[in-house]
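Trainee: Dropping in coords33.cif, with mmCIF, C-alpha atoms.
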data_query
loop_
_atom_site.label_atom_id
_atom_site.label_comp_id
_atom_site.auth_asym_id
_atom_site.auth_seq_id
_atom_site.Cartn_x
_atom_site.Cartn_y
_atom_site.Cartn_z
CA MET K 87 110.97 119.89 99.02
CA SER K 88 113.55 117.50 97.64
CA SER K 89 113.19 113.91 98.72
CA SER K 90 116.60 112.72 97.60
CA THR K 91 119.13 115.00 99.27
CA GLY K 92 118.20 114.92 102.95
CA PRO K 93 116.52 117.66 104.98
CA SER K 94 115.92 120.91 103.12
CA PRO K 95 116.66 124.23 104.83
CA GLN K 96 112.93 124.52 105.54
CA ALA K 97 112.65 121.04 107.08
CA ALA K 98 113.61 122.10 110.60
CA ASP K 99 111.08 124.93 110.45
CA LEU K 100 108.29 122.64 109.34
CA LEU K 101 109.22 120.15 112.04
CA ALA K 102 109.24 122.94 114.61
CA ARG K 103 105.73 123.83 113.47
CA ALA K 104 104.62 120.22 114.03
CA VAL K 105 106.08 120.39 117.54
CA ASP K 106 104.37 123.72 118.22
CA ILE K 107 100.91 122.46 117.33
CA ALA K 108 101.60 119.28 119.31
CA THR K 109 102.45 121.38 122.36
CA ALA K 110 99.33 123.50 121.96
CA ASN K 111 97.18 120.38 121.57
CA ALA K 112 98.67 118.79 124.69
CA GLY K 113 97.56 121.77 126.75
CA GLU K 114 94.03 121.48 125.42
CA SER K 115 92.06 118.27 124.97
CA GLY K 116 94.25 116.07 122.78
CA GLY K 117 97.38 113.95 122.84
CA PRO K 118 100.77 115.68 122.57
CA PHE K 119 101.34 115.03 118.89
CA GLY K 120 101.30 117.20 115.77
CA ALA K 121 102.07 116.65 112.09
CA VAL K 122 102.50 118.64 108.90
CA VAL K 123 102.16 117.30 105.35
CA VAL K 124 103.74 119.26 102.52
CA THR K 125 102.44 118.09 99.18
CA ARG K 126 104.42 117.84 95.96
CA ASP K 127 103.10 121.25 94.87
CA GLY K 128 103.94 122.89 98.20
CA GLN K 129 100.55 122.96 99.89
CA VAL K 130 100.69 122.55 103.67
CA PHE K 131 98.20 120.53 105.73
CA GLU K 132 98.34 120.14 109.50
CA GLY K 133 96.92 117.68 111.98
CA VAL K 134 96.91 117.13 115.73
CA ASN K 135 95.95 114.12 117.77
CA ARG K 136 92.15 113.78 118.03
CA VAL K 137 91.79 110.28 119.54
CA THR K 138 89.96 111.25 122.70
CA ALA K 139 88.24 114.32 121.25
CA ASP K 140 86.77 112.39 118.30
CA LEU K 141 86.55 108.94 119.92
CA ASP K 142 88.66 107.63 117.06
CA PRO K 143 91.73 105.48 117.85
CA SER K 144 92.98 106.12 114.32
CA ALA K 145 92.97 109.91 114.68
CA HIS K 146 96.68 110.32 115.31
CA ALA K 147 98.18 113.63 114.16
CA GLU K 148 99.84 112.11 111.10
CA VAL K 149 96.68 110.32 109.97
CA VAL K 150 94.63 113.48 110.46
CA ALA K 151 97.12 115.50 108.39
CA ILE K 152 97.21 112.84 105.66
CA ARG K 153 93.41 112.71 105.50
CA ARG K 154 93.26 116.49 105.24
CA ALA K 155 95.89 116.60 102.51
CA CYS K 156 93.98 113.97 100.53
CA GLN K 157 90.73 115.87 100.91
CA GLY K 158 92.47 119.10 99.96
CA LEU K 159 94.04 117.66 96.84
CA GLY K 160 91.11 115.42 95.94
CA THR K 161 93.20 112.27 95.81
CA PHE K 162 94.14 109.21 97.84
CA ASP K 163 97.71 109.36 96.50
CA LEU K 164 100.17 111.80 98.07
CA SER K 165 103.20 110.80 95.99
CA GLY K 166 105.84 113.50 96.28
CA ALA K 167 104.68 114.65 99.71
CA THR K 168 106.78 114.90 102.88
CA LEU K 169 105.47 114.24 106.39
CA TYR K 170 106.86 116.12 109.40
CA ALA K 171 105.87 114.62 112.75
CA SER K 172 106.51 115.94 116.24
CA CYS K 173 107.23 112.36 117.27
CA GLU K 174 108.37 109.29 115.36
CA PRO K 175 105.27 107.93 113.63
CA CYS K 176 103.86 104.82 115.29
CA PRO K 177 103.34 101.71 113.12
CA MET K 178 99.79 102.84 112.30
CA CYS K 179 100.90 106.27 111.12
CA LEU K 180 103.90 104.92 109.24
CA SER K 181 101.67 102.40 107.46
CA THR K 182 99.16 105.11 106.60
CA ALA K 183 102.03 107.12 105.09
CA LEU K 184 103.01 104.03 103.08
CA TRP K 185 99.49 103.58 101.74
CA ALA K 186 99.31 107.32 100.96
CA ARG K 187 102.56 106.92 98.97
CA ILE K 188 104.28 109.68 100.92
CA ASP K 189 107.92 110.08 99.88
CA ARG K 190 109.71 110.90 103.12
CA VAL K 191 109.20 111.32 106.85
CA TYR K 192 111.03 113.57 109.32
CA PHE K 193 110.41 113.46 113.05
CA ALA K 194 111.62 115.15 116.26
CA ALA K 195 111.00 113.05 119.40
CA ASP K 196 111.23 109.28 119.08
CA ARG K 197 109.35 106.19 120.27
CA ASP K 198 111.33 106.12 123.52
CA ASP K 199 110.43 109.72 124.31
CA ALA K 200 106.79 108.74 123.73
CA ALA K 201 107.18 105.70 125.99
CA ALA K 202 108.59 107.90 128.74
CA ALA K 203 105.40 109.98 128.48
CA GLY K 204 103.23 106.87 128.83
CA PHE K 205 102.46 106.03 125.19
CA ASP K 206 102.63 102.57 123.61
CA ASP K 207 104.45 103.39 120.36
CA ALA K 208 107.62 101.50 121.29
CA ARG K 209 105.59 98.56 122.59
CA PHE K 210 103.65 98.33 119.34
CA TYR K 211 106.89 98.43 117.34
CA ARG K 212 107.99 95.44 119.39
CA TYR K 213 104.70 93.77 118.48
CA PHE K 214 105.74 93.95 114.83
CA ASP K 215 109.14 92.58 115.74
CA GLY K 216 107.28 89.49 116.86
CA MET K 217 108.45 89.16 120.44
CA PRO K 218 106.14 86.49 121.92
CA GLU K 219 105.36 88.43 125.10
CA ASP K 220 104.41 91.42 122.97
CA ARG K 221 102.37 89.43 120.44
CA ALA K 222 100.26 88.11 123.30
CA ILE K 223 98.44 91.42 123.64
CA LEU K 224 96.65 90.84 120.33
CA PRO K 225 96.54 87.27 119.00
CA VAL K 226 95.92 87.04 115.26
CA GLU K 227 94.67 83.77 113.80
CA ARG K 228 93.64 82.53 110.38
CA ILE K 229 90.42 80.54 110.05
CA GLY K 230 89.88 78.46 106.94
CA LEU K 231 86.59 78.88 105.10
CA PRO K 232 84.89 76.14 103.07
CA ASP K 233 85.51 75.89 99.32
CA ASP K 234 88.27 78.50 99.17
CA GLY K 235 85.67 81.09 100.16
CA HIS K 236 88.45 83.42 101.32
CA THR K 237 89.36 84.30 97.73
CA ALA K 238 85.86 85.37 96.66
CA PRO K 239 86.50 89.11 97.23
CA PHE K 240 89.61 89.06 95.06
CA VAL K 241 87.82 87.17 92.30
CA ALA K 242 85.04 89.79 92.33
CA TRP K 243 87.67 92.53 92.31
CA GLY K 244 89.39 91.05 89.27
CA ARG K 245 86.07 90.89 87.42
CA ASN K 246 85.12 94.51 88.18
CA ASP K 247 86.11 96.51 85.11
CA ARG K 248 85.38 99.75 86.94
CA ARG K 249 87.75 99.03 89.81
CA ILE K 250 90.03 101.85 90.92
CA GLU K 251 93.39 100.52 92.05
CA TYR K 252 95.13 102.11 95.00
CA MET Y 79 82.83 85.77 122.39
CA SER Y 80 85.62 84.14 124.39
CA SER Y 81 89.08 85.47 123.64
CA SER Y 82 91.00 82.77 125.44
CA THR Y 83 89.82 79.48 124.00
CA GLY Y 84 90.23 79.93 120.26
CA PRO Y 85 87.53 80.48 117.67
CA SER Y 86 83.98 80.32 118.98
CA PRO Y 87 81.34 78.40 117.04
CA GLN Y 88 80.14 81.76 115.69
CA ALA Y 89 83.60 82.88 114.55
CA ALA Y 90 83.45 81.23 111.14
CA ASP Y 91 80.01 82.76 110.53
CA LEU Y 92 81.22 86.24 111.43
CA LEU Y 93 84.27 85.78 109.25
CA ALA Y 94 82.07 84.61 106.38
CA ARG Y 95 80.04 87.79 106.83
CA ALA Y 96 83.24 89.87 106.54
CA VAL Y 97 84.07 88.01 103.32
CA ASP Y 98 80.55 88.53 101.97
CA ILE Y 99 80.62 92.29 102.43
CA ALA Y 100 84.14 92.36 100.98
CA THR Y 101 82.90 90.56 97.88
CA ALA Y 102 79.95 92.91 97.51
CA ASN Y 103 82.22 95.93 97.92
CA ALA Y 104 84.66 94.64 95.29
CA GLY Y 105 81.87 94.53 92.75
CA GLU Y 106 80.91 98.11 93.50
CA SER Y 107 83.32 101.00 94.02
CA GLY Y 108 85.68 99.88 96.77
CA GLY Y 109 88.56 97.56 97.49
CA PRO Y 110 87.84 93.86 98.10
CA PHE Y 111 88.00 93.95 101.87
CA GLY Y 112 85.44 93.72 104.66
CA ALA Y 113 85.57 93.61 108.44
CA VAL Y 114 83.28 92.99 111.40
CA VAL Y 115 83.87 94.15 114.97
CA VAL Y 116 82.00 92.39 117.77
CA THR Y 117 82.19 94.39 120.97
CA ARG Y 118 82.44 92.98 124.47
CA ASP Y 119 78.69 93.32 124.90
CA GLY Y 120 77.93 91.63 121.58
CA GLN Y 121 77.17 94.61 119.37
CA VAL Y 122 78.22 94.14 115.75
CA PHE Y 123 79.77 96.85 113.57
CA GLU Y 124 80.78 96.40 109.94
CA GLY Y 125 83.13 98.18 107.57
CA VAL Y 126 84.26 97.89 103.98
CA ASN Y 127 87.17 99.48 102.18
CA ARG Y 128 86.45 103.14 101.36
CA VAL Y 129 89.91 104.35 100.23
CA THR Y 130 88.98 105.40 96.72
CA ALA Y 131 85.37 106.28 97.49
CA ASP Y 132 86.28 108.61 100.37
CA LEU Y 133 89.75 109.68 99.16
CA ASP Y 134 91.12 108.41 102.48
CA PRO Y 135 94.14 106.07 102.46
CA SER Y 136 93.31 105.11 106.05
CA ALA Y 137 89.79 103.94 105.23
CA HIS Y 138 90.54 100.23 105.17
CA ALA Y 139 87.66 97.96 106.14
CA GLU Y 140 89.07 97.21 109.59
CA VAL Y 141 89.67 100.89 110.40
CA VAL Y 142 86.18 101.80 109.19
CA ALA Y 143 84.63 99.08 111.38
CA ILE Y 144 86.73 100.13 114.40
CA ARG Y 145 85.73 103.78 113.95
CA ARG Y 146 82.07 102.80 113.73
CA ALA Y 147 82.29 100.63 116.82
CA CYS Y 148 83.91 103.47 118.75
CA GLN Y 149 81.25 105.92 117.61
CA GLY Y 150 78.53 103.40 118.43
CA LEU Y 151 79.83 102.74 121.93
CA GLY Y 152 80.97 106.30 122.60
CA THR Y 153 84.53 105.30 123.46
CA PHE Y 154 88.01 105.09 121.98
CA ASP Y 155 88.66 101.83 123.86
CA LEU Y 156 87.29 98.58 122.44
CA SER Y 157 88.77 96.27 125.08
CA GLY Y 158 87.00 92.92 124.91
CA ALA Y 159 86.16 93.25 121.22
CA THR Y 160 87.03 90.81 118.45
CA LEU Y 161 87.88 91.82 114.88
CA TYR Y 162 86.97 89.58 111.94
CA ALA Y 163 88.67 90.55 108.68
CA SER Y 164 88.16 89.13 105.20
CA CYS Y 165 91.92 89.41 104.74
CA GLU Y 166 94.83 89.48 107.16
CA PRO Y 167 94.96 93.04 108.52
CA CYS Y 168 97.78 95.12 107.05
CA PRO Y 169 100.20 96.81 109.47
CA MET Y 170 98.00 99.93 109.56
CA CYS Y 171 94.87 97.98 110.46
CA LEU Y 172 96.69 95.79 112.96
CA SER Y 173 98.14 98.88 114.64
CA THR Y 174 94.74 100.52 114.74
CA ALA Y 175 93.41 97.40 116.45
CA LEU Y 176 96.26 97.64 118.96
CA TRP Y 177 95.48 101.28 119.74
CA ALA Y 178 91.77 100.40 120.01
CA ARG Y 179 92.73 97.70 122.53
CA ILE Y 180 90.93 94.99 120.59
CA ASP Y 181 91.42 91.56 122.15
CA ARG Y 182 91.69 89.23 119.18
CA VAL Y 183 91.76 89.12 115.39
CA TYR Y 184 90.55 86.42 113.02
CA PHE Y 185 91.09 86.58 109.27
CA ALA Y 186 90.36 84.52 106.12
CA ALA Y 187 92.68 85.36 103.20
CA ASP Y 188 96.27 86.34 104.01
CA ARG Y 189 98.85 88.90 102.90
CA ASP Y 190 100.01 86.66 100.07
CA ASP Y 191 96.49 86.33 98.71
CA ALA Y 192 96.29 90.14 98.79
CA ALA Y 193 99.64 90.42 97.01
CA ALA Y 194 98.42 88.09 94.29
CA ALA Y 195 95.51 90.49 93.76
CA GLY Y 196 97.90 93.46 93.44
CA PHE Y 197 97.85 94.87 96.98
CA ASP Y 198 100.91 95.95 98.98
CA ASP Y 199 100.11 94.38 102.37
CA ALA Y 200 102.96 91.85 102.21
CA ARG Y 201 105.38 94.50 100.97
CA PHE Y 202 104.51 96.79 103.85
CA TYR Y 203 104.99 93.95 106.33
CA ARG Y 204 108.48 93.56 104.86
CA TYR Y 205 108.97 97.30 105.41
CA PHE Y 206 108.51 96.70 109.14
CA ASP Y 207 110.88 93.77 108.97
CA GLY Y 208 113.47 96.33 107.94
CA MET Y 209 114.71 94.88 104.67
CA PRO Y 210 116.83 97.69 103.17
CA GLU Y 211 115.30 97.46 99.70
CA ASP Y 212 111.85 97.72 101.25
CA ARG Y 213 112.74 100.57 103.64
CA ALA Y 214 113.87 102.62 100.64
CA ILE Y 215 110.28 103.29 99.60
CA LEU Y 216 109.78 105.58 102.62
CA PRO Y 217 112.90 106.91 104.33
CA VAL Y 218 112.34 108.04 107.92
CA GLU Y 219 114.82 110.38 109.54
CA ARG Y 220 115.14 112.15 112.88
CA ILE Y 221 116.06 115.84 112.90
CA GLY Y 222 117.36 117.36 116.12
CA LEU Y 223 115.70 120.56 117.34
CA PRO Y 224 117.50 123.24 119.38
CA ASP Y 225 117.30 123.18 123.17
CA ASP Y 226 115.59 119.80 123.45
CA GLY Y 227 112.56 121.34 121.74
CA HIS Y 228 111.34 117.89 120.78
CA THR Y 229 110.16 117.19 124.33
CA ALA Y 230 107.99 120.31 124.68
CA PRO Y 231 104.73 118.50 123.78
CA PHE Y 232 105.30 115.83 126.42
CA VAL Y 233 106.15 118.44 129.05
CA ALA Y 234 102.89 120.26 128.24
CA TRP Y 235 101.03 116.94 128.39
CA GLY Y 236 102.43 116.15 131.82
CA ARG Y 237 101.32 119.55 133.09
CA ASN Y 238 97.75 119.26 131.76
CA ASP Y 239 95.66 118.08 134.67
CA ARG Y 240 92.67 117.58 132.37
CA ARG Y 241 94.49 115.21 130.04
CA ILE Y 242 92.65 112.05 129.00
CA GLU Y 243 95.06 109.15 128.60
CA TYR Y 244 94.52 106.65 125.81
#
Represent the structure of the file as structure tokens.

Mentor:
Amino acid sequence: MSSSTGPSPQAADLLARAVDIATANAGESGGPFGAVVVTRDGQVFEGVNRVTADLDPSAHAEVVAIRRACQGLGTFDLSGATLYASCEPCPMCLSTALWARIDRVYFAADRDDAAAAGFDDARFYRYFDGMPEDRAILPVERIGLPDDGHTAPFVAWGRNDRRIEY
Amino acid sequence: MSSSTGPSPQAADLLARAVDIATANAGESGGPFGAVVVTRDGQVFEGVNRVTADLDPSAHAEVVAIRRACQGLGTFDLSGATLYASCEPCPMCLSTALWARIDRVYFAADRDDAAAAGFDDARFYRYFDGMPEDRAILPVERIGLPDDGHTAPFVAWGRNDRRIEY
């Protein structure tokens, strides 16, 4: 699965698989989203939306597939992997892919398709764009702590010789 | 925990608690981050970074605390809750808070403090700002499917009378 020359011949098939499991999930108990992760060595891991089934707002299809791939490979680093998503990953899923060091993302439907179906993906992208009326849904504020207390975790981290960077 | 009049008198204490558990976690096996969720009815749920311990790139402190709060309350909707984070939530954590319908976020250290300690939070915020050199780390591309196949999951969703919206 090359990550430097655009979609491979198999990419459309893998994306179609993500859409198929999304469609199946939508007719059962979950949201209409599916994802497939193909790791550097060609292993395939799938995920569907489990938010309402698992009572977990983070259980989007992409996050579920990424978690499964990490468990399957025994690592938190999916460098070299490609993510196929039935719908454009929301900011949460895209950020999870960034932290997982995934190389490339392909998607089928986009944030506007999701919005038309009643989902907030496009709205949350606008939140990151910083539109004031969108930021109002979740105000984020810094509070100062006495004596530079906010840096204590990073100081402890720097002193921990057994720390595992990620 | 008012969400309309700024930090409550207890806010600094709750934030200090998030910093304390972050510091403890940094000296053990996890990343130097901690979070506290206070639900609408005053229940308190805590989380620390578990990325390397659980081999889960999504297991940031805030996400862990949100998952625990949802499990504790038996819901995927934390409307009325406040999130206290030892460090400014990264885009993944902020998006998870959005999907969880959290009302307000307070934090201590910020993305630049995290960057100084070697973490990519600030870089990933730049990714969302769309700087070309930052977007290059994770290209995202739409692939068209035949016969409008990309909308099949949403069609199935619309037809599912038992669907649970989130």

Trainee: Evaluate the PyMOL selection byres ((chain K) within 6 of (chain Y)) here and jot the selected residues down as a ChimeraX atom specification.

Mentor: /K:108-109,112-113,118,141-144,153,161-162,178,181-182,185-186,189-195,224-229,236,239-240,242-243,246

Trainee: Report, in Å with one decimal, the straight-line distance from CA of Ala151 (chain K) to CA of Arg128 (chain Y).

Mentor: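 Straight-line distance from CA of Ala151 (chain K) to CA of Arg128 (chain Y) works out to 17.8 Å.
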
Trainee: In Å, how far is it from CA of Gln129 (chain K) to CA of Ser94 (chain K)?

Mentor: 15.8 Å

Trainee: What does the structure give for the distance between CA of Ala167 (chain K) and CA of Gly133 (chain K), in Å to one decimal?

Mentor: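 Pair CA of Ala167 (chain K) / CA of Gly133 (chain K) returns 14.8 Å.
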
Trainee: Which centre and edge lengths in Å to one decimal define the box along x, y and z that fits every listed atom of region 141-157 of chain Y plus 8 Å per side, as AutoDock Vina command-line options?

Mentor:
--center_x 84.1 --center_y 101.3 --center_z 117.1 --size_x 27.1 --size_y 26.0 --size_z 31.9

Trainee: My list of candidates is Y:Arg189, Y:Val114, Y:Ser157, Y:Arg95. Which is closest to Ala139 (chain Y) when distances are computed with all atoms listed in the file?

Mentor: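 Going through Y:Arg189, Y:Val114, Y:Ser157, Y:Arg95 one by one, the smallest distance to Ala139 (chain Y) is for Y:Val114.
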